[in-house]
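This report concerns only the one structure given below.
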Amino acid sequence: MTRSRLPLRPLALLALGATFATLSACSSTPAAPQITPVNATIKLGRVTEKAFLSRVDVASPGAGYGATGVGVGGFAGGGGGGGGVGLSVDLTRLFSRPAPPQQVDLYRYKVRASDGTVAQIDAPAAQGLEPGTCVRLIYPDGQAQPQMAPSNEC
């Protein structure tokens, strides 16, 4: 008596298709809501200028430490003697290149708010923040220097 078995290819293709369908559904979800402080003044405006200020190195976590150790073993006497000295070195630092430092571009954005005021914000480069883009100016607790976030409310 022979048993009929389904080949594994159709099942693997079915699983792969289900995975892609799930991933595509996740990517089409709406963006998370923007959270602002409770005691803040919010103004809407548009970016009028964007000027490059500088490039800053950002420290990467875990960089700059290696391990080297030296140890001395015990000494035993009575009929025969022995001793030992040990050395421990972290070889991964010898064979792997350190990662180049990450760099962030800083820009000065000029924003004209809907009430006519002009604000200058020094901030890291953000995708989509070009002249003409609608933004929210957030003044937490009455501070003079605002924070900026992209917005679609203009």
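In the structure tokens, each chain is lettered A, B, ... as it comes, each chain's residues begin at 1, and ligands are numbered from 1 in order of appearance.
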
Residue neighbourhood A:Asp105, 7 Å, only C-alpha atoms, exclusion window fewer than 5 positions, as a list in words: Ser54, Arg55, Val56, Pro124 and Ala125 of chain A

Residue contacts of A:Asn152 (10 Å, only C-alpha atoms) excluding same-chain residues fewer than 4 positions away, as a PyMOL selection string: chain A and resi 44+133-136

Write to file, as a PDB file, in the first residue's frame, the residues of the selection just made, with C-alpha atoms.
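Written out: again-v1.pdb:
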ATOM      1  CA  LEU A  44       1.755  75.256  13.278  1.00  0.00           C
ATOM      2  CA  THR A 133       7.047  71.290   4.893  1.00  0.00           C
ATOM      3  CA  CYS A 134       4.362  71.708   7.539  1.00  0.00           C
ATOM      4  CA  VAL A 135       5.662  71.342  11.110  1.00  0.00           C
ATOM      5  CA  ARG A 136       4.507  71.708  14.696  1.00  0.00           C
TER       6      ARG A 136
END

Option closest in space to A:Gln127, from A:Ala99, A:Ala51, A:Cys154, A:Ala149 [counting only C-alpha atoms]: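 Among the listed residues, the smallest separation from A:Gln127 belongs to A:Ala149.
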
Check stretch 82-141 of chain A with DSSP on the backbone and list each residue it calls strand (DSSP E or B), as a PDB file with N, CA, C and O atoms, in the first residue's frame.
ATOM      1  N   GLY A  82      55.738  23.505  41.784  1.00  0.00           N
ATOM      2  CA  GLY A  82      55.149  24.004  40.548  1.00  0.00           C
ATOM      3  C   GLY A  82      54.586  25.383  40.752  1.00  0.00           C
ATOM      4  O   GLY A  82      54.302  25.797  41.853  1.00  0.00           O
ATOM      5  N   VAL A  85      51.860  31.108  35.733  1.00  0.00           N
ATOM      6  CA  VAL A  85      51.525  32.488  35.441  1.00  0.00           C
ATOM      7  C   VAL A  85      50.593  32.463  34.240  1.00  0.00           C
ATOM      8  O   VAL A  85      50.815  31.717  33.291  1.00  0.00           O
ATOM      9  N   GLY A  86      49.558  33.251  34.270  1.00  0.00           N
ATOM     10  CA  GLY A  86      48.608  33.254  33.165  1.00  0.00           C
ATOM     11  C   GLY A  86      48.428  34.636  32.581  1.00  0.00           C
ATOM     12  O   GLY A  86      48.637  35.643  33.237  1.00  0.00           O
ATOM     13  N   LEU A  87      48.060  34.667  31.309  1.00  0.00           N
ATOM     14  CA  LEU A  87      47.806  35.914  30.610  1.00  0.00           C
ATOM     15  C   LEU A  87      46.550  35.719  29.769  1.00  0.00           C
ATOM     16  O   LEU A  87      46.402  34.726  29.066  1.00  0.00           O
ATOM     17  N   SER A  88      45.643  36.664  29.865  1.00  0.00           N
ATOM     18  CA  SER A  88      44.395  36.582  29.113  1.00  0.00           C
ATOM     19  C   SER A  88      44.245  37.832  28.258  1.00  0.00           C
ATOM     20  O   SER A  88      44.406  38.944  28.742  1.00  0.00           O
ATOM     21  N   VAL A  89      43.949  37.635  26.979  1.00  0.00           N
ATOM     22  CA  VAL A  89      43.787  38.755  26.054  1.00  0.00           C
ATOM     23  C   VAL A  89      42.504  38.549  25.265  1.00  0.00           C
ATOM     24  O   VAL A  89      42.214  37.443  24.818  1.00  0.00           O
ATOM     25  N   GLN A 102      29.469  56.767  14.170  1.00  0.00           N
ATOM     26  CA  GLN A 102      28.277  57.239  13.468  1.00  0.00           C
ATOM     27  C   GLN A 102      28.275  58.761  13.494  1.00  0.00           C
ATOM     28  O   GLN A 102      28.685  59.368  14.476  1.00  0.00           O
ATOM     29  N   GLN A 103      27.813  59.345  12.416  1.00  0.00           N
ATOM     30  CA  GLN A 103      27.783  60.792  12.330  1.00  0.00           C
ATOM     31  C   GLN A 103      26.360  61.263  12.040  1.00  0.00           C
ATOM     32  O   GLN A 103      25.616  60.603  11.321  1.00  0.00           O
ATOM     33  N   VAL A 104      26.026  62.393  12.623  1.00  0.00           N
ATOM     34  CA  VAL A 104      24.711  62.980  12.441  1.00  0.00           C
ATOM     35  C   VAL A 104      24.903  64.390  11.901  1.00  0.00           C
ATOM     36  O   VAL A 104      25.732  65.149  12.410  1.00  0.00           O
ATOM     37  N   ASP A 105      24.157  64.742  10.872  1.00  0.00           N
ATOM     38  CA  ASP A 105      24.194  66.098  10.325  1.00  0.00           C
ATOM     39  C   ASP A 105      23.241  66.980  11.110  1.00  0.00           C
ATOM     40  O   ASP A 105      22.092  66.612  11.356  1.00  0.00           O
ATOM     41  N   LEU A 106      23.730  68.164  11.507  1.00  0.00           N
ATOM     42  CA  LEU A 106      22.890  69.137  12.196  1.00  0.00           C
ATOM     43  C   LEU A 106      22.527  70.257  11.235  1.00  0.00           C
ATOM     44  O   LEU A 106      23.377  70.729  10.480  1.00  0.00           O
ATOM     45  N   TYR A 107      21.272  70.662  11.269  1.00  0.00           N
ATOM     46  CA  TYR A 107      20.777  71.726  10.405  1.00  0.00           C
ATOM     47  C   TYR A 107      20.134  72.817  11.244  1.00  0.00           C
ATOM     48  O   TYR A 107      19.641  72.558  12.349  1.00  0.00           O
ATOM     49  N   ARG A 108      20.119  74.026  10.715  1.00  0.00           N
ATOM     50  CA  ARG A 108      19.367  75.120  11.305  1.00  0.00           C
ATOM     51  C   ARG A 108      18.134  75.318  10.427  1.00  0.00           C
ATOM     52  O   ARG A 108      18.244  75.637   9.255  1.00  0.00           O
ATOM     53  N   TYR A 109      16.983  75.107  11.037  1.00  0.00           N
ATOM     54  CA  TYR A 109      15.707  75.270  10.337  1.00  0.00           C
ATOM     55  C   TYR A 109      15.101  76.604  10.744  1.00  0.00           C
ATOM     56  O   TYR A 109      15.086  76.947  11.929  1.00  0.00           O
ATOM     57  N   LYS A 110      14.611  77.356   9.769  1.00  0.00           N
ATOM     58  CA  LYS A 110      13.829  78.558  10.055  1.00  0.00           C
ATOM     59  C   LYS A 110      12.388  78.222   9.714  1.00  0.00           C
ATOM     60  O   LYS A 110      12.091  77.733   8.630  1.00  0.00           O
ATOM     61  N   VAL A 111      11.517  78.493  10.674  1.00  0.00           N
ATOM     62  CA  VAL A 111      10.108  78.141  10.531  1.00  0.00           C
ATOM     63  C   VAL A 111       9.271  79.394  10.747  1.00  0.00           C
ATOM     64  O   VAL A 111       9.452  80.111  11.734  1.00  0.00           O
ATOM     65  N   ARG A 112       8.361  79.658   9.808  1.00  0.00           N
ATOM     66  CA  ARG A 112       7.413  80.766   9.967  1.00  0.00           C
ATOM     67  C   ARG A 112       6.105  80.153  10.454  1.00  0.00           C
ATOM     68  O   ARG A 112       5.462  79.369   9.762  1.00  0.00           O
ATOM     69  N   ALA A 113       5.732  80.540  11.678  1.00  0.00           N
ATOM     70  CA  ALA A 113       4.500  80.036  12.276  1.00  0.00           C
ATOM     71  C   ALA A 113       3.301  80.724  11.642  1.00  0.00           C
ATOM     72  O   ALA A 113       3.422  81.783  11.014  1.00  0.00           O
ATOM     73  N   VAL A 118       8.766  83.961  13.593  1.00  0.00           N
ATOM     74  CA  VAL A 118       9.784  83.135  12.951  1.00  0.00           C
ATOM     75  C   VAL A 118      10.635  82.505  14.040  1.00  0.00           C
ATOM     76  O   VAL A 118      11.099  83.194  14.957  1.00  0.00           O
ATOM     77  N   ALA A 119      10.830  81.202  13.964  1.00  0.00           N
ATOM     78  CA  ALA A 119      11.633  80.482  14.949  1.00  0.00           C
ATOM     79  C   ALA A 119      12.816  79.836  14.254  1.00  0.00           C
ATOM     80  O   ALA A 119      12.707  79.390  13.104  1.00  0.00           O
ATOM     81  N   GLN A 120      13.953  79.801  14.951  1.00  0.00           N
ATOM     82  CA  GLN A 120      15.134  79.087  14.460  1.00  0.00           C
ATOM     83  C   GLN A 120      15.348  77.880  15.353  1.00  0.00           C
ATOM     84  O   GLN A 120      15.440  78.029  16.578  1.00  0.00           O
ATOM     85  N   ILE A 121      15.434  76.723  14.747  1.00  0.00           N
ATOM     86  CA  ILE A 121      15.619  75.486  15.498  1.00  0.00           C
ATOM     87  C   ILE A 121      16.835  74.769  14.942  1.00  0.00           C
ATOM     88  O   ILE A 121      16.918  74.513  13.738  1.00  0.00           O
ATOM     89  N   ASP A 122      17.792  74.453  15.813  1.00  0.00           N
ATOM     90  CA  ASP A 122      18.936  73.640  15.439  1.00  0.00           C
ATOM     91  C   ASP A 122      18.595  72.203  15.788  1.00  0.00           C
ATOM     92  O   ASP A 122      18.356  71.886  16.962  1.00  0.00           O
ATOM     93  N   ALA A 123      18.561  71.335  14.775  1.00  0.00           N
ATOM     94  CA  ALA A 123      18.118  69.963  15.009  1.00  0.00           C
ATOM     95  C   ALA A 123      18.810  69.021  14.038  1.00  0.00           C
ATOM     96  O   ALA A 123      19.300  69.441  12.988  1.00  0.00           O
ATOM     97  N   PRO A 124      18.865  67.725  14.386  1.00  0.00           N
ATOM     98  CA  PRO A 124      19.419  66.743  13.459  1.00  0.00           C
ATOM     99  C   PRO A 124      18.573  66.650  12.194  1.00  0.00           C
ATOM    100  O   PRO A 124      17.396  67.007  12.193  1.00  0.00           O
ATOM    101  N   CYS A 134       5.144  71.314   6.375  1.00  0.00           N
ATOM    102  CA  CYS A 134       4.362  71.708   7.539  1.00  0.00           C
ATOM    103  C   CYS A 134       4.944  71.057   8.791  1.00  0.00           C
ATOM    104  O   CYS A 134       5.260  69.861   8.785  1.00  0.00           O
ATOM    105  N   VAL A 135       5.106  71.852   9.862  1.00  0.00           N
ATOM    106  CA  VAL A 135       5.662  71.342  11.110  1.00  0.00           C
ATOM    107  C   VAL A 135       4.875  71.895  12.289  1.00  0.00           C
ATOM    108  O   VAL A 135       4.153  72.873  12.174  1.00  0.00           O
ATOM    109  N   ARG A 136       5.035  71.225  13.431  1.00  0.00           N
ATOM    110  CA  ARG A 136       4.507  71.708  14.696  1.00  0.00           C
ATOM    111  C   ARG A 136       5.665  72.277  15.485  1.00  0.00           C
ATOM    112  O   ARG A 136       6.701  71.634  15.613  1.00  0.00           O
ATOM    113  N   LEU A 137       5.499  73.458  16.020  1.00  0.00           N
ATOM    114  CA  LEU A 137       6.461  74.039  16.946  1.00  0.00           C
ATOM    115  C   LEU A 137       5.914  73.815  18.345  1.00  0.00           C
ATOM    116  O   LEU A 137       4.792  74.222  18.659  1.00  0.00           O
ATOM    117  N   ILE A 138       6.682  73.150  19.176  1.00  0.00           N
ATOM    118  CA  ILE A 138       6.240  72.786  20.510  1.00  0.00           C
ATOM    119  C   ILE A 138       7.105  73.541  21.520  1.00  0.00           C
ATOM    120  O   ILE A 138       8.322  73.358  21.557  1.00  0.00           O
ATOM    121  N   TYR A 139       6.468  74.412  22.286  1.00  0.00           N
ATOM    122  CA  TYR A 139       7.149  75.179  23.332  1.00  0.00           C
ATOM    123  C   TYR A 139       6.774  74.564  24.678  1.00  0.00           C
ATOM    124  O   TYR A 139       5.744  74.912  25.258  1.00  0.00           O
ATOM    125  N   PRO A 140       7.588  73.626  25.216  1.00  0.00           N
ATOM    126  CA  PRO A 140       7.219  73.001  26.496  1.00  0.00           C
ATOM    127  C   PRO A 140       7.382  73.979  27.659  1.00  0.00           C
ATOM    128  O   PRO A 140       8.395  74.653  27.773  1.00  0.00           O
TER     129      PRO A 140
END

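Across the model, the gap from atom CA of A:Asn39 to atom CA of A:Glu130 is 28.1 Å.
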
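Separating atom CA of A:Thr92 from atom CA of A:Asp57 is a distance of 23.9 Å.
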
Residues within 10 Å of A:Gly132, only C-alpha atoms, excluding chain neighbours under 3 positions, as a ChimeraX atom specification: /A:45-49,111-112,128-129,135

Selected residue of minimal separation from A:Ser114 among A:Ala126, A:Ala144, A:Ala59, A:Ile42, counting only C-alpha atoms: A:Ile42

Proximity to A:Asp141 - best of A:Val38, A:Glu153, A:Gly116, A:Pro100, only C-alpha atoms: A:Val38
